[in-house]
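Step one of this worksheet: look at the structure below.
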Amino acid sequence: MASLGVNIDHIANVREARKTFEPDPVKMVLLAELGGADGITVHLREDRRHIQDRDLNLLKETVHTRLNLEMAATEEMTAIALNLKPDMVTLVPEKREEVTTEGGLNVIKHKNKLKEIIQRLSDEGIPVSLFVDPVQSQIENCSEVKAAWIELHTGKYAITKNKARGLELSILKESTAKAKSYGLRVNAGHGLTYQNVEPIAAIEGIEELNIGHTIISRALSVGLSQAVKEMKSLIINPRKDNFLL
Ligand code: PXP
């Protein structure tokens, strides 16, 4: 059964829309954890468009579950992670003009740089996950650069429908099995919603799903604790024959 990492970046997005003090993602974490979050994920972007350094430092002190820091593979971010020592670092590609993380890392192209950063973080006891598309050559290279984990990009699955979505689902299943055969541990996320999460939650071998936008959106109606609770129950008890696939 997969666990749930709740991405709280969108709470900070609302705060930064006004550059004020509310809503405070640090305070909201309590509600996410009460609702059953197994971990909290934040993406400290180079342009600090949502999560701020202050949030990260406070979260390190206050998160009771696990803190997963998403970040670009840069010297600045590596120094921050080495100093903060989160429970996990997930390396993601980052473009300033993108609305959200658009694709997985090109592990093949950035092999040497990634290997060096993974080594430095691992030496300090920080497990590193690489956010990758479900593509065999990329997954192979994740084990070569000595990542302990990967996070499979579910974005394409999320935006397709019917037969095409079924195909993306089988690609994600095969990718999970392939990654595990290389000794990698597997998370997944991006674009998952209350409507499409169940078939992904039912994939054997995926350990954690990182989900943000849909939970924060639902929280506007029912509150964060309840929104997390509802997502957890879909993940814990997914219908394998989900008719929305
Ligand atoms: N995983 C990664 C690597 C991400 O960059 C994001 C988006 O910040 C997520 C998961 C969560 O995606 P969503 O907000 O679509 O649930």
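Labels used: A, B, ... for chains in the order of the structure tokens, numbers from 1 for residues in each chain, and numbers from 1 for ligands as shown.
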
Counting only C-alpha atoms and all ligand atoms, what are the residues of chain A within 7 Å of ligand 1, and for each of them which pair of atoms is the nearest and at what distance in Å, to one decimal? Sort the table by chain and rising number, as JSON lines.
{"residue": "A:Asn7", "atom": "CA", "partner": "ligand 1", "partner_atom_place_in_ligand_line": "11 (C)", "distance": 6.0}
{"residue": "A:Asp9", "atom": "CA", "partner": "ligand 1", "partner_atom_place_in_ligand_line": "8 (O)", "distance": 6.9}
{"residue": "A:His43", "atom": "CA", "partner": "ligand 1", "partner_atom_place_in_ligand_line": "8 (O)", "distance": 6.5}
{"residue": "A:Glu70", "atom": "CA", "partner": "ligand 1", "partner_atom_place_in_ligand_line": "3 (C)", "distance": 6.7}
{"residue": "A:Thr90", "atom": "CA", "partner": "ligand 1", "partner_atom_place_in_ligand_line": "3 (C)", "distance": 7.0}
{"residue": "A:Val92", "atom": "CA", "partner": "ligand 1", "partner_atom_place_in_ligand_line": "3 (C)", "distance": 6.0}
{"residue": "A:Thr100", "atom": "CA", "partner": "ligand 1", "partner_atom_place_in_ligand_line": "7 (C)", "distance": 6.1}
{"residue": "A:Thr101", "atom": "CA", "partner": "ligand 1", "partner_atom_place_in_ligand_line": "5 (O)", "distance": 4.8}
{"residue": "A:Phe131", "atom": "CA", "partner": "ligand 1", "partner_atom_place_in_ligand_line": "3 (C)", "distance": 5.5}
{"residue": "A:Glu151", "atom": "CA", "partner": "ligand 1", "partner_atom_place_in_ligand_line": "3 (C)", "distance": 6.9}
{"residue": "A:Ala188", "atom": "CA", "partner": "ligand 1", "partner_atom_place_in_ligand_line": "1 (N)", "distance": 7.0}
{"residue": "A:Gly189", "atom": "CA", "partner": "ligand 1", "partner_atom_place_in_ligand_line": "10 (C)", "distance": 4.3}
{"residue": "A:His190", "atom": "CA", "partner": "ligand 1", "partner_atom_place_in_ligand_line": "12 (O)", "distance": 3.5}
{"residue": "A:Gly191", "atom": "CA", "partner": "ligand 1", "partner_atom_place_in_ligand_line": "15 (O)", "distance": 3.5}
{"residue": "A:Leu192", "atom": "CA", "partner": "ligand 1", "partner_atom_place_in_ligand_line": "16 (O)", "distance": 5.3}
{"residue": "A:Asn210", "atom": "CA", "partner": "ligand 1", "partner_atom_place_in_ligand_line": "10 (C)", "distance": 4.7}
{"residue": "A:Ile211", "atom": "CA", "partner": "ligand 1", "partner_atom_place_in_ligand_line": "16 (O)", "distance": 3.6}
{"residue": "A:Gly212", "atom": "CA", "partner": "ligand 1", "partner_atom_place_in_ligand_line": "14 (O)", "distance": 3.7}
{"residue": "A:His213", "atom": "CA", "partner": "ligand 1", "partner_atom_place_in_ligand_line": "14 (O)", "distance": 3.8}
{"residue": "A:Thr214", "atom": "CA", "partner": "ligand 1", "partner_atom_place_in_ligand_line": "16 (O)", "distance": 6.1}

DSSP helix (DSSP H, G or I) residues within range 21-223 of chain A, listed as a PyMOL selection string: chain A and resi 25-34+53-62+75-84+111-123+136-144+155-159+162-181+197-201+213-222

If we count only C-alpha atoms and set the cut-off at 7 Å, which residues sit around Lys240 in chain A, ignoring sequence neighbours fewer than 6 positions away in its own chain? Please answer as a PDB file with N, CA and C atoms, in the first residue's frame.
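In the end it all went to out-v4.pdb:
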ATOM      1  N   GLU A 198      -6.658   6.148  -8.161  1.00  0.00           N
ATOM      2  CA  GLU A 198      -6.780   4.752  -7.708  1.00  0.00           C
ATOM      3  C   GLU A 198      -5.946   3.737  -8.507  1.00  0.00           C
ATOM      4  N   PRO A 199      -5.990   3.763  -9.844  1.00  0.00           N
ATOM      5  CA  PRO A 199      -5.167   2.779 -10.561  1.00  0.00           C
ATOM      6  C   PRO A 199      -3.668   2.925 -10.266  1.00  0.00           C
ATOM      7  N   ALA A 202      -2.853   1.432  -6.946  1.00  0.00           N
ATOM      8  CA  ALA A 202      -2.909  -0.046  -6.960  1.00  0.00           C
ATOM      9  C   ALA A 202      -1.663  -0.672  -7.593  1.00  0.00           C
TER      10      ALA A 202
END

Nearby residues (only C-alpha atoms) at most 12 Å from Met71 in chain A, same-chain spacing under 3 positions excluded, as a ChimeraX atom specification: /A:41-48,51,56,68,74-81,86,88-95,101,105,117,128-131

Which residues, written as an MDAnalysis selection string, have at least one atom at most 8 Å from Gly35 in chain A, with only C-alpha atoms counted and residues fewer than 5 positions away on the same chain left out? chainID A and resid 224:229

Between A:Gly5, A:Gly166, A:Gly205, A:Gly104, which one has atoms that come closest to Asp241 in chain A, using only C-alpha atoms?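 Ranking A:Gly5, A:Gly166, A:Gly205, A:Gly104 by distance to Asp241 in chain A, first place goes to A:Gly166.
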
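A straight line drawn from CA of Thr20 in chain A to CA of Arg54 in chain A is 13.3 Å long.
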